[in-house]
>>> print(open('run.cif').read())   # mmCIF, C-alpha atoms
data_query
loop_
_atom_site.group_PDB
_atom_site.id
_atom_site.type_symbol
_atom_site.label_atom_id
_atom_site.label_comp_id
_atom_site.auth_asym_id
_atom_site.auth_seq_id
_atom_site.Cartn_x
_atom_site.Cartn_y
_atom_site.Cartn_z
ATOM 1 C CA MET R 1 0.000 0.000 0.000
ATOM 2 C CA THR R 2 1.385 3.386 -0.956
ATOM 3 C CA SER R 3 0.794 6.748 0.638
ATOM 4 C CA SER R 4 -0.916 7.960 -2.525
ATOM 5 C CA SER R 5 -3.330 5.020 -2.438
ATOM 6 C CA ASN R 6 -3.945 5.670 1.255
ATOM 7 C CA ARG R 7 -5.133 9.179 0.402
ATOM 8 C CA CYS R 8 -7.747 7.677 -1.918
ATOM 9 C CA LEU R 9 -9.279 5.860 1.051
ATOM 10 C CA THR R 10 -11.493 7.338 3.736
ATOM 11 C CA PRO R 11 -9.378 9.224 6.305
ATOM 12 C CA VAL R 12 -9.254 7.691 9.773
ATOM 13 C CA THR R 13 -11.124 9.761 12.359
ATOM 14 C CA ALA R 14 -11.370 9.657 16.149
ATOM 15 C CA PRO R 15 -14.939 8.242 16.001
ATOM 16 C CA ALA R 16 -13.727 5.540 13.621
ATOM 17 C CA VAL R 17 -10.982 4.594 16.067
ATOM 18 C CA ALA R 18 -13.451 4.518 18.970
ATOM 19 C CA ALA R 19 -15.770 2.274 16.949
ATOM 20 C CA ARG R 20 -13.053 -0.362 16.672
ATOM 21 C CA LYS R 21 -13.496 -1.328 20.337
ATOM 22 C CA GLY R 22 -14.261 -5.025 20.497
ATOM 23 C CA SER R 23 -13.851 -5.541 16.758
ATOM 24 C CA GLY R 24 -11.057 -8.054 17.204
ATOM 25 C CA GLU R 25 -8.872 -6.157 14.724
ATOM 26 C CA PRO R 26 -5.996 -4.486 16.608
ATOM 27 C CA LEU R 27 -5.319 -0.803 16.032
ATOM 28 C CA VAL R 28 -1.821 0.379 15.153
ATOM 29 C CA MET R 29 -0.278 3.719 16.079
ATOM 30 C CA ILE R 30 3.310 4.739 15.265
ATOM 31 C CA THR R 31 5.101 7.956 16.119
ATOM 32 C CA ALA R 32 6.361 10.243 13.380
ATOM 33 C CA TYR R 33 7.811 13.732 13.636
ATOM 34 C CA ASP R 34 8.410 14.910 10.057
ATOM 35 C CA ALA R 35 7.206 14.456 6.496
ATOM 36 C CA PRO R 36 9.452 11.521 5.449
ATOM 37 C CA SER R 37 8.596 9.422 8.495
ATOM 38 C CA ALA R 38 4.898 10.325 8.197
ATOM 39 C CA ARG R 39 4.821 9.142 4.577
ATOM 40 C CA VAL R 40 6.350 5.795 5.563
ATOM 41 C CA VAL R 41 3.987 5.280 8.500
ATOM 42 C CA ASP R 42 0.947 6.170 6.415
ATOM 43 C CA ALA R 43 2.045 3.856 3.617
ATOM 44 C CA SER R 44 2.290 1.020 6.144
ATOM 45 C CA GLY R 45 -1.447 1.186 6.771
ATOM 46 C CA ALA R 46 -1.253 2.219 10.443
ATOM 47 C CA GLU R 47 -4.456 3.873 11.624
ATOM 48 C CA MET R 48 -2.798 6.614 13.679
ATOM 49 C CA ILE R 49 0.332 8.761 13.559
ATOM 50 C CA LEU R 50 1.317 10.059 16.969
ATOM 51 C CA VAL R 51 3.343 13.247 16.878
ATOM 52 C CA GLY R 52 4.585 12.604 20.363
ATOM 53 C CA ASP R 53 6.441 14.771 22.822
ATOM 54 C CA SER R 54 8.962 11.920 22.665
ATOM 55 C CA VAL R 55 10.390 14.083 19.866
ATOM 56 C CA ALA R 56 12.290 15.723 22.722
ATOM 57 C CA MET R 57 14.334 12.595 23.374
ATOM 58 C CA VAL R 58 14.588 10.817 20.035
ATOM 59 C CA VAL R 59 14.974 13.843 17.734
ATOM 60 C CA LEU R 60 16.020 16.865 19.782
ATOM 61 C CA GLY R 61 18.462 15.116 22.113
ATOM 62 C CA TYR R 62 16.920 15.939 25.504
ATOM 63 C CA ASP R 63 16.965 13.516 28.440
ATOM 64 C CA ASP R 64 13.197 13.678 28.977
ATOM 65 C CA THR R 65 10.030 15.036 27.370
ATOM 66 C CA LEU R 66 9.699 18.100 29.591
ATOM 67 C CA GLN R 67 11.688 20.452 27.363
ATOM 68 C CA VAL R 68 9.429 20.670 24.320
ATOM 69 C CA THR R 69 6.978 23.546 23.933
ATOM 70 C CA VAL R 70 3.657 23.971 22.185
ATOM 71 C CA ALA R 71 5.524 25.779 19.395
ATOM 72 C CA ASP R 72 7.829 22.763 19.008
ATOM 73 C CA MET R 73 4.888 20.391 18.831
ATOM 74 C CA CYS R 74 3.033 22.564 16.313
ATOM 75 C CA HIS R 75 6.145 22.637 14.132
ATOM 76 C CA HIS R 76 6.311 18.841 13.995
ATOM 77 C CA VAL R 77 2.551 18.303 13.717
ATOM 78 C CA ALA R 78 2.486 20.629 10.709
ATOM 79 C CA ALA R 79 5.323 18.730 9.016
ATOM 80 C CA VAL R 80 3.405 15.463 9.404
ATOM 81 C CA ALA R 81 0.066 16.972 8.366
ATOM 82 C CA ARG R 82 1.501 18.395 5.133
ATOM 83 C CA THR R 83 1.820 14.836 3.824
ATOM 84 C CA ARG R 84 -2.000 14.601 3.974
ATOM 85 C CA PRO R 85 -1.996 11.154 5.545
ATOM 86 C CA ARG R 86 -5.012 8.904 5.687
ATOM 87 C CA ALA R 87 -3.982 8.044 9.239
ATOM 88 C CA LEU R 88 -5.359 10.088 12.120
ATOM 89 C CA VAL R 89 -2.756 12.626 13.275
ATOM 90 C CA VAL R 90 -2.578 12.666 17.076
ATOM 91 C CA GLY R 91 -0.925 15.777 18.502
ATOM 92 C CA ASP R 92 0.703 15.380 21.909
ATOM 93 C CA MET R 93 0.050 18.188 24.367
ATOM 94 C CA PRO R 94 3.392 18.925 26.043
ATOM 95 C CA TRP R 95 4.100 19.509 29.707
ATOM 96 C CA LEU R 96 2.471 22.660 31.151
ATOM 97 C CA SER R 97 0.232 23.113 28.101
ATOM 98 C CA TYR R 98 -2.903 21.868 29.946
ATOM 99 C CA HIS R 99 -1.947 22.209 33.605
ATOM 100 C CA VAL R 100 -2.270 25.938 34.356
ATOM 101 C CA SER R 101 -5.710 27.154 33.304
ATOM 102 C CA ARG R 102 -8.700 26.375 31.129
ATOM 103 C CA GLU R 103 -7.728 29.252 28.852
ATOM 104 C CA ASP R 104 -4.228 27.878 28.321
ATOM 105 C CA THR R 105 -5.591 24.394 27.759
ATOM 106 C CA VAL R 106 -8.054 25.340 25.044
ATOM 107 C CA ARG R 107 -5.609 27.728 23.370
ATOM 108 C CA ASN R 108 -2.885 25.106 23.193
ATOM 109 C CA ALA R 109 -5.185 22.333 21.996
ATOM 110 C CA ALA R 110 -6.511 24.637 19.285
ATOM 111 C CA ALA R 111 -2.946 25.474 18.211
ATOM 112 C CA LEU R 112 -2.217 21.784 17.613
ATOM 113 C CA VAL R 113 -5.406 21.342 15.594
ATOM 114 C CA ARG R 114 -4.650 24.435 13.525
ATOM 115 C CA ALA R 115 -1.233 22.902 12.827
ATOM 116 C CA GLY R 116 -2.944 19.805 11.444
ATOM 117 C CA ALA R 117 -3.764 17.422 14.298
ATOM 118 C CA GLY R 118 -7.065 15.547 14.143
ATOM 119 C CA CYS R 119 -7.101 15.109 17.906
ATOM 120 C CA VAL R 120 -4.873 15.705 20.938
ATOM 121 C CA LYS R 121 -3.384 13.439 23.598
ATOM 122 C CA LEU R 122 -2.710 14.336 27.213
ATOM 123 C CA GLU R 123 -1.319 12.477 30.209
ATOM 124 C CA GLY R 124 -2.953 11.721 33.547
ATOM 125 C CA GLY R 125 -6.084 10.143 34.971
ATOM 126 C CA ALA R 126 -9.114 11.483 36.816
ATOM 127 C CA LYS R 127 -7.393 14.737 37.704
ATOM 128 C CA ARG R 128 -7.344 15.651 33.990
ATOM 129 C CA SER R 129 -11.132 15.491 33.628
ATOM 130 C CA GLU R 130 -11.530 19.265 33.714
ATOM 131 C CA ALA R 131 -8.923 19.742 30.983
ATOM 132 C CA ILE R 132 -10.552 17.032 28.876
ATOM 133 C CA HIS R 133 -13.978 18.643 29.201
ATOM 134 C CA ALA R 134 -12.537 22.019 28.208
ATOM 135 C CA ILE R 135 -10.982 20.569 25.058
ATOM 136 C CA LEU R 136 -14.078 18.558 24.172
ATOM 137 C CA ASP R 137 -16.076 21.783 24.424
ATOM 138 C CA LEU R 138 -14.030 22.919 21.397
ATOM 139 C CA GLU R 139 -15.171 19.772 19.530
ATOM 140 C CA ILE R 140 -11.585 18.453 19.627
ATOM 141 C CA PRO R 141 -11.303 14.697 20.316
ATOM 142 C CA VAL R 142 -9.024 13.714 23.213
ATOM 143 C CA MET R 143 -6.894 10.612 23.698
ATOM 144 C CA GLY R 144 -5.868 9.787 27.267
ATOM 145 C CA HIS R 145 -2.559 8.385 28.530
ATOM 146 C CA ILE R 146 -2.036 6.595 31.857
ATOM 147 C CA GLY R 147 0.399 4.180 33.475
ATOM 148 C CA LEU R 148 3.902 5.471 32.962
ATOM 149 C CA THR R 149 3.354 9.122 32.077
ATOM 150 C CA PRO R 150 6.737 10.545 30.980
ATOM 151 C CA GLN R 151 5.747 14.109 31.873
ATOM 152 C CA SER R 152 5.570 12.885 35.509
ATOM 153 C CA VAL R 153 9.050 11.366 35.427
ATOM 154 C CA HIS R 154 10.260 13.264 38.480
ATOM 155 C CA ALA R 155 7.210 12.417 40.588
ATOM 156 C CA LEU R 156 7.426 8.763 39.520
ATOM 157 C CA GLY R 157 11.131 8.542 40.329
ATOM 158 C CA GLY R 158 12.150 7.710 36.787
ATOM 159 C CA PHE R 159 10.846 5.726 33.837
ATOM 160 C CA ARG R 160 9.462 2.803 35.830
ATOM 161 C CA VAL R 161 6.769 0.175 35.293
ATOM 162 C CA GLN R 162 3.541 1.288 36.986
ATOM 163 C CA GLY R 163 0.755 -0.701 38.624
ATOM 164 C CA LYS R 164 2.905 -3.465 40.092
ATOM 165 C CA GLN R 165 1.166 -3.276 43.467
ATOM 166 C CA LEU R 166 -2.524 -3.992 44.062
ATOM 167 C CA ASP R 167 -3.488 -0.449 45.079
ATOM 168 C CA ALA R 168 -1.563 1.050 42.173
ATOM 169 C CA ALA R 169 -3.207 -1.370 39.741
ATOM 170 C CA ARG R 170 -6.665 -0.445 41.017
ATOM 171 C CA ALA R 171 -5.819 3.246 40.709
ATOM 172 C CA ILE R 172 -4.874 2.773 37.051
ATOM 173 C CA VAL R 173 -8.171 1.006 36.347
ATOM 174 C CA ASP R 174 -10.070 3.785 38.140
ATOM 175 C CA ASP R 175 -8.191 6.428 36.135
ATOM 176 C CA ALA R 176 -9.008 4.658 32.879
ATOM 177 C CA ILE R 177 -12.702 4.578 33.763
ATOM 178 C CA ALA R 178 -12.560 8.276 34.657
ATOM 179 C CA LEU R 179 -10.937 9.121 31.320
ATOM 180 C CA ALA R 180 -13.571 7.176 29.387
ATOM 181 C CA GLU R 181 -16.357 8.853 31.374
ATOM 182 C CA ALA R 182 -14.778 12.258 30.722
ATOM 183 C CA GLY R 183 -15.055 11.577 26.990
ATOM 184 C CA CYS R 184 -11.674 10.276 25.789
ATOM 185 C CA PHE R 185 -12.089 8.258 22.590
ATOM 186 C CA ALA R 186 -9.038 6.054 23.296
ATOM 187 C CA ILE R 187 -6.493 5.539 26.072
ATOM 188 C CA VAL R 188 -2.765 4.840 25.868
ATOM 189 C CA LEU R 189 -1.474 2.416 28.511
ATOM 190 C CA GLU R 190 2.277 2.660 29.009
ATOM 191 C CA ALA R 191 4.560 0.319 30.952
ATOM 192 C CA VAL R 192 2.032 -1.590 33.046
ATOM 193 C CA PRO R 193 1.783 -5.343 33.727
ATOM 194 C CA ASP R 194 -0.270 -7.224 31.166
ATOM 195 C CA GLY R 195 -2.850 -8.221 33.773
ATOM 196 C CA VAL R 196 -3.470 -4.575 34.624
ATOM 197 C CA ALA R 197 -3.798 -3.716 30.933
ATOM 198 C CA ARG R 198 -6.294 -6.521 30.526
ATOM 199 C CA MET R 199 -8.386 -5.230 33.443
ATOM 200 C CA VAL R 200 -8.361 -1.744 31.964
ATOM 201 C CA THR R 201 -9.257 -2.984 28.491
ATOM 202 C CA ASP R 202 -12.164 -4.992 29.894
ATOM 203 C CA SER R 203 -13.339 -2.073 32.055
ATOM 204 C CA VAL R 204 -13.633 0.739 29.507
ATOM 205 C CA PRO R 205 -15.824 1.112 26.399
ATOM 206 C CA VAL R 206 -13.062 2.773 24.363
ATOM 207 C CA PRO R 207 -9.957 1.257 22.765
ATOM 208 C CA THR R 208 -6.750 0.883 24.757
ATOM 209 C CA ILE R 209 -3.444 1.385 22.941
ATOM 210 C CA GLY R 210 -0.555 -0.363 24.639
ATOM 211 C CA ILE R 211 3.129 0.425 24.788
ATOM 212 C CA GLY R 212 4.848 -1.965 27.135
ATOM 213 C CA ALA R 213 1.425 -3.172 28.296
ATOM 214 C CA GLY R 214 1.224 -6.637 26.749
ATOM 215 C CA ARG R 215 -1.012 -8.152 24.123
ATOM 216 C CA HIS R 216 -4.424 -7.672 25.752
ATOM 217 C CA CYS R 217 -4.876 -4.059 24.595
ATOM 218 C CA ASP R 218 -7.032 -3.068 21.643
ATOM 219 C CA GLY R 219 -3.978 -1.771 19.795
ATOM 220 C CA GLN R 220 -0.261 -1.095 20.018
ATOM 221 C CA VAL R 221 2.056 1.866 19.546
ATOM 222 C CA LEU R 222 5.826 2.091 19.160
ATOM 223 C CA VAL R 223 8.234 4.934 18.599
ATOM 224 C CA TRP R 224 9.501 5.187 15.007
ATOM 225 C CA HIS R 225 13.149 5.361 16.035
ATOM 226 C CA ASP R 226 12.884 2.381 18.370
ATOM 227 C CA LEU R 227 11.253 -0.005 15.930
ATOM 228 C CA LEU R 228 13.615 0.989 13.087
ATOM 229 C CA GLY R 229 16.829 0.792 15.099
ATOM 230 C CA PHE R 230 17.778 4.419 15.635
ATOM 231 C CA GLY R 231 19.182 5.510 18.973
ATOM 232 C CA ALA R 232 22.362 6.275 20.853
ATOM 233 C CA PRO R 233 24.467 3.110 21.347
ATOM 234 C CA ASP R 234 24.580 3.654 25.113
ATOM 235 C CA ARG R 235 20.809 4.093 25.450
ATOM 236 C CA LYS R 236 19.151 1.193 27.214
ATOM 237 C CA GLN R 237 16.402 -0.250 25.068
ATOM 238 C CA PRO R 238 13.055 -0.724 26.847
ATOM 239 C CA LYS R 239 12.035 -4.363 27.285
ATOM 240 C CA PHE R 240 8.886 -3.884 25.213
ATOM 241 C CA VAL R 241 10.660 -2.630 22.069
ATOM 242 C CA ARG R 242 11.049 -4.966 19.115
ATOM 243 C CA ARG R 243 13.516 -3.659 16.532
ATOM 244 C CA TYR R 244 12.448 -4.406 12.973
ATOM 245 C CA ALA R 245 15.578 -2.928 11.363
ATOM 246 C CA GLU R 246 18.976 -1.455 12.222
ATOM 247 C CA LEU R 247 18.719 1.690 10.128
ATOM 248 C CA GLU R 248 21.138 3.770 12.189
ATOM 249 C CA LEU R 249 23.849 1.185 11.581
ATOM 250 C CA ASP R 250 22.978 1.015 7.865
ATOM 251 C CA ALA R 251 22.972 4.815 7.612
ATOM 252 C CA THR R 252 26.338 5.072 9.353
ATOM 253 C CA LYS R 253 27.886 2.579 6.949
ATOM 254 C CA ALA R 254 26.444 4.445 3.943
ATOM 255 C CA VAL R 255 27.801 7.791 5.142
ATOM 256 C CA GLU R 256 31.204 6.199 5.852
ATOM 257 C CA ARG R 257 31.320 5.015 2.227
ATOM 258 C CA PHE R 258 30.531 8.537 1.031
ATOM 259 C CA VAL R 259 33.282 10.011 3.224
ATOM 260 C CA ALA R 260 35.777 7.469 1.878
ATOM 261 C CA ASP R 261 34.768 8.133 -1.733
ATOM 262 C CA VAL R 262 35.262 11.887 -1.303
ATOM 263 C CA ARG R 263 38.628 11.523 0.399
ATOM 264 C CA GLU R 264 39.906 9.027 -2.172
ATOM 265 C CA GLY R 265 38.706 11.012 -5.187
ATOM 266 C CA ARG R 266 35.965 8.618 -6.272
ATOM 267 C CA PHE R 267 33.162 11.132 -5.733
ATOM 268 C CA PRO R 268 31.958 12.890 -7.760
ATOM 269 C CA SER R 269 32.585 10.853 -10.912
ATOM 270 C CA SER R 270 32.449 12.339 -14.378
ATOM 271 C CA ALA R 271 28.890 11.004 -14.779
ATOM 272 C CA GLU R 272 27.894 12.922 -11.629
ATOM 273 C CA THR R 273 29.371 16.209 -12.907
ATOM 274 C CA TYR R 274 27.986 19.009 -15.123
ATOM 275 C CA HIS R 275 30.588 19.510 -17.884
ATOM 276 C CA MET R 276 31.449 22.743 -19.636
ATOM 277 C CA ALA R 277 31.341 22.690 -23.433
ATOM 278 C CA ASP R 278 34.828 22.480 -25.006
ATOM 279 C CA GLN R 279 34.400 25.777 -26.865
ATOM 280 C CA MET R 280 33.456 27.619 -23.666
ATOM 281 C CA ALA R 281 36.344 26.026 -21.793
ATOM 282 C CA GLU R 282 38.749 27.127 -24.511
ATOM 283 C CA GLY R 283 37.274 30.620 -24.508
ATOM 284 C CA LEU R 284 37.886 30.871 -20.788
ATOM 285 C CA GLY R 285 41.370 29.477 -21.095
ATOM 286 C CA LEU R 286 40.431 26.327 -19.166
ATOM 287 C CA TYR R 287 42.183 23.964 -21.551
ATOM 288 C CA GLY R 288 41.735 20.377 -20.464
ATOM 289 C CA ALA R 289 39.305 21.363 -17.712
ATOM 290 C CA SER R 290 36.282 19.751 -19.358
ATOM 291 C CA GLU R 291 36.137 15.963 -19.257
ATOM 292 C CA PRO R 292 34.214 13.816 -21.716
ATOM 293 C CA ALA R 293 30.866 12.670 -20.349
ATOM 294 C CA ASN R 294 31.886 8.993 -20.483
ATOM 295 C CA ALA R 295 35.170 9.445 -18.614
#
>>> encode(input="run.cif", output="structure tokens")
Amino acid sequence: MTSSSNRCLTPVTAPAVAARKGSGEPLVMITAYDAPSARVVDASGAEMILVGDSVAMVVLGYDDTLQVTVADMCHHVAAVARTRPRALVVGDMPWLSYHVSREDTVRNAAALVRAGAGCVKLEGGAKRSEAIHAILDLEIPVMGHIGLTPQSVHALGGFRVQGKQLDAARAIVDDAIALAEAGCFAIVLEAVPDGVARMVTDSVPVPTIGIGAGRHCDGQVLVWHDLLGFGAPDRKQPKFVRRYAELELDATKAVERFVADVREGRFPSSAETYHMADQMAEGLGLYGASEPANA
């Protein structure tokens, strides 16, 4: 399936995603942060493209997701949206964009939609109900995110699996129910035991999208760079990541070949060069400067 053929099909919408609950056909969401990656993800047939605040870590080089701004997210959402994907573009609301006031919340959600998002995603459980209602009042669909919430990394004590104790597991289920009741059309479950994810999935009437949450969710999401094998060599790979390629290694080898070809005079070749006509070369006194095209 190509991206051009995808555009001939009906675009995926938030209501269409919500309607997949219980269908038995898993949903697929993949992150993308620019036009080339968005084209590849859309061509794959994935239903959703998440323009995640994970851009902070995997593209911009930060240690966590707390550094990106609404302007950053709009920049990347717009790059993805310009490819006109069939997939639903999910715009991540960054830290502090929905925490301060209703006015800030609606303004920032609207900015992401104006940039091209078809919905927004925010982190947190029941305590985010007010923010969710404010955004829904703008007729903007909202995706929830519970379990490991990277914007809470300091409060959580690091990127740790959540819901390992009974009380914590119950709290996650309660938060999921609260998000569904608040109007979220789908919920991301990150880094929770599979039994907890199963309880959540069975407890809510909207799809659950797992990342490190086992196979009992209604769908799965992975980060583009993780599944394709990009990442610093010293970065510990999360347990839940399956690498489908080693593109950073392949890219490094390709660039090394280019560097060697330049340094050893093999690039550019005559075939890769624009040649001056002999008469012009002679007129400029550049005798012997023009090479035959087949040299």
>>> resolve_selection(input="run.cif", expression="the PyMOL selection byres ((chain R and resi 124) around 7)", output="count of residues only")
9
>>> atom_distance(input="run.cif", atom1="CA of Ser37 (chain R)", atom2="CA of Val80 (chain R)")
8.0 Å
>>> closest_residue(input="run.cif", among="R:Gln237, R:Pro207, R:Ser44, R:Leu228", to="Leu249 (chain R)", atoms="only C-alpha atoms")
R:Leu228
>>> closest_residue(input="run.cif", among="R:Glu47, R:Asp42, R:Asp34, R:Glu139", to="Val12 (chain R)", atoms="all atoms listed in the file")
R:Glu47
>>> closest_atom_pairs(input="run.cif", of="region 35-133 of chain R", to="region 153-172 of chain R", cutoff="9 Å", atoms="only C-alpha atoms", output="JSON lines")
{"residue": "R:Asp64", "atom": "CA", "partner": "R:Val153", "partner_atom": "CA", "distance": 8.0}
{"residue": "R:Thr65", "atom": "CA", "partner": "R:Val153", "partner_atom": "CA", "distance": 8.9}
{"residue": "R:Leu66", "atom": "CA", "partner": "R:Val153", "partner_atom": "CA", "distance": 8.9}
{"residue": "R:Gly125", "atom": "CA", "partner": "R:Ile172", "partner_atom": "CA", "distance": 7.8}
